[in-house]
Amino acid sequence: MSPNAKTASLAGLLAISMVGLGFAAVPLYNLFCRVTGFGGTTQRYDPVAAAEVPQVLSQTISVRFDANVSPKLPWKFYPEHPTDTVSIGARDMAIFIAQNNSPHAVTGTASFNVTPDAAGKYFTKIQCFCFTEQKLEAGQQVRMPVLFFVDPKIMDDPDARDIQEITLSYTFHPVEPVDEGKKAS
């Protein structure tokens with residue numbers, strides 16, 4: 001094989017590898033964030049993977065609830081109670097209220113995070129409206145629960161054990177309607 005052919009083959013292999021890494025980057029980044037809590041990414045409770053139910057500690061932590069709506073979504077969205085004090089390790093529930101203020105059905109999806117970022121890997125959601133898209137009919141108002149707990153392991157982390165307040169923040173965005181002309185048959 002000539003030197004030019006080797007160089008071309010290596011360049012082609014490099015280009016294919018870069019495209020593959022590009023497609024793998026988002027799932028790998030999401031996995032990294034879920035495992036480490038990076039950027040305030042919360043954990044999702046998996047009863048099958050959980051070895052044991054967390055121990056409830058006597059220490060408490062304040063949880064503040066923040067609700068936001070994209071300007072493109074005609075909804076009102078807010079927490080029923082803006083703060084709660086929870087025992088570390090105990091399951092707790094917060095309720096959020098969403099109302100569609102438009103004259104037609106609208107579907108939204110919520111993005112979320114917690115701050116401070118160091119608390120992300122200890123804030124575990126058991127059930128959340130943010131796991132699925134939410135469709136509200138014209139004028140409909142709904143109560144949406146989120147079940148969660150703060151993992152007692154937070155007390156063993158020197159970077160997180162002194163956290164006094166965690167903010168759970170949601171932002172609802174519209175789900176873009178599918179263009180019927182582009183829908184695959």
# chains A, B, ... in the order shown; residues from 1 in each chain; ligands from 1

call {"tool": "residues_around", "arguments": {"residues": "A:Pro71", "least_positions_apart": "4", "cutoff": "12 Å", "atoms": "only C-alpha atoms", "output": "number ranges by chain"}}
result
A: 75-77, 171-174

call {"tool": "write_last_selection", "arguments": {"atoms": "N, CA, C and O atoms", "output": "mmCIF file, in the first residue's frame"}}
result
data_model
loop_
_atom_site.group_PDB
_atom_site.id
_atom_site.type_symbol
_atom_site.label_atom_id
_atom_site.label_comp_id
_atom_site.auth_asym_id
_atom_site.auth_seq_id
_atom_site.Cartn_x
_atom_site.Cartn_y
_atom_site.Cartn_z
ATOM 1 N N TRP A 75 -48.811 28.662 29.584
ATOM 2 C CA TRP A 75 -49.202 28.029 30.845
ATOM 3 C C TRP A 75 -48.840 28.904 32.021
ATOM 4 O O TRP A 75 -47.889 29.680 31.976
ATOM 5 N N LYS A 76 -49.581 28.696 33.096
ATOM 6 C CA LYS A 76 -49.209 29.197 34.412
ATOM 7 C C LYS A 76 -48.719 27.959 35.161
ATOM 8 O O LYS A 76 -49.358 26.904 35.105
ATOM 9 N N PHE A 77 -47.595 28.072 35.872
ATOM 10 C CA PHE A 77 -46.980 26.920 36.532
ATOM 11 C C PHE A 77 -46.316 27.384 37.813
ATOM 12 O O PHE A 77 -45.535 28.341 37.797
ATOM 13 N N THR A 171 -38.454 23.971 34.488
ATOM 14 C CA THR A 171 -38.885 24.882 33.430
ATOM 15 C C THR A 171 -39.670 24.071 32.415
ATOM 16 O O THR A 171 -39.166 23.077 31.882
ATOM 17 N N PHE A 172 -40.919 24.469 32.183
ATOM 18 C CA PHE A 172 -41.757 23.803 31.184
ATOM 19 C C PHE A 172 -41.535 24.460 29.826
ATOM 20 O O PHE A 172 -41.482 25.685 29.716
ATOM 21 N N HIS A 173 -41.403 23.614 28.818
ATOM 22 C CA HIS A 173 -41.219 24.037 27.430
ATOM 23 C C HIS A 173 -42.307 23.389 26.585
ATOM 24 O O HIS A 173 -42.748 22.286 26.892
ATOM 25 N N PRO A 174 -42.712 24.050 25.481
ATOM 26 C CA PRO A 174 -43.698 23.400 24.612
ATOM 27 C C PRO A 174 -43.046 22.235 23.860
ATOM 28 O O PRO A 174 -41.865 22.279 23.525
#

call {"tool": "closest_atom_pairs", "arguments": {"of": "stretch 38-123 of chain A", "to": "stretch 134-157 of chain A", "cutoff": "7 Å", "atoms": "only C-alpha atoms", "output": "Markdown table"}}
result
| residue | atom | partner | partner_atom | distance |
| --- | --- | --- | --- | --- |
| A:Pro54 | CA | A:Asp151 | CA | 6.7 |
| A:Gln55 | CA | A:Pro152 | CA | 6.9 |
| A:Ile88 | CA | A:Val150 | CA | 5.3 |
| A:Gly89 | CA | A:Asp151 | CA | 5.2 |
| A:Ala90 | CA | A:Phe149 | CA | 5.7 |
| A:Arg91 | CA | A:Phe149 | CA | 4.7 |
| A:Asp92 | CA | A:Phe148 | CA | 5.5 |
| A:Met93 | CA | A:Leu147 | CA | 4.5 |
| A:Ala94 | CA | A:Val146 | CA | 5.4 |
| A:Ile95 | CA | A:Pro145 | CA | 4.4 |
| A:Phe96 | CA | A:Met144 | CA | 5.1 |
| A:Ile97 | CA | A:Arg143 | CA | 4.7 |
| A:Ala98 | CA | A:Val142 | CA | 5.5 |
| A:Gln99 | CA | A:Gln141 | CA | 4.1 |
| A:Asn100 | CA | A:Gly139 | CA | 5.0 |
| A:Asn101 | CA | A:Gly139 | CA | 5.3 |
| A:Ser102 | CA | A:Ala138 | CA | 5.6 |
| A:Pro103 | CA | A:Ala138 | CA | 4.8 |
| A:His104 | CA | A:Ala138 | CA | 4.5 |
| A:Ala105 | CA | A:Glu137 | CA | 4.0 |
| A:Val106 | CA | A:Leu136 | CA | 5.6 |
| A:Thr107 | CA | A:Lys135 | CA | 4.1 |
| A:Gly108 | CA | A:Gln134 | CA | 5.3 |
| A:Thr109 | CA | A:Gln134 | CA | 6.1 |
| A:Tyr122 | CA | A:Asp151 | CA | 4.9 |
| A:Phe123 | CA | A:Val150 | CA | 4.7 |

call {"tool": "atom_distance", "arguments": {"atom1": "atom CA of A:Gln127", "atom2": "atom CA of A:Leu57"}}
result
21.5 Å

call {"tool": "atom_distance", "arguments": {"atom1": "atom CA of A:Gln164", "atom2": "atom CA of A:Ser62"}}
result
6.3 Å

call {"tool": "closest_residue", "arguments": {"among": "A:Val63, A:Ala160, A:Val86, A:Val56", "to": "A:Asp117", "atoms": "only C-alpha atoms"}}
result
A:Ala160

call {"tool": "closest_residue", "arguments": {"among": "A:Lys6, A:Ala67, A:Ile16, A:Asp162", "to": "A:Asn113", "atoms": "only C-alpha atoms"}}
result
A:Ala67
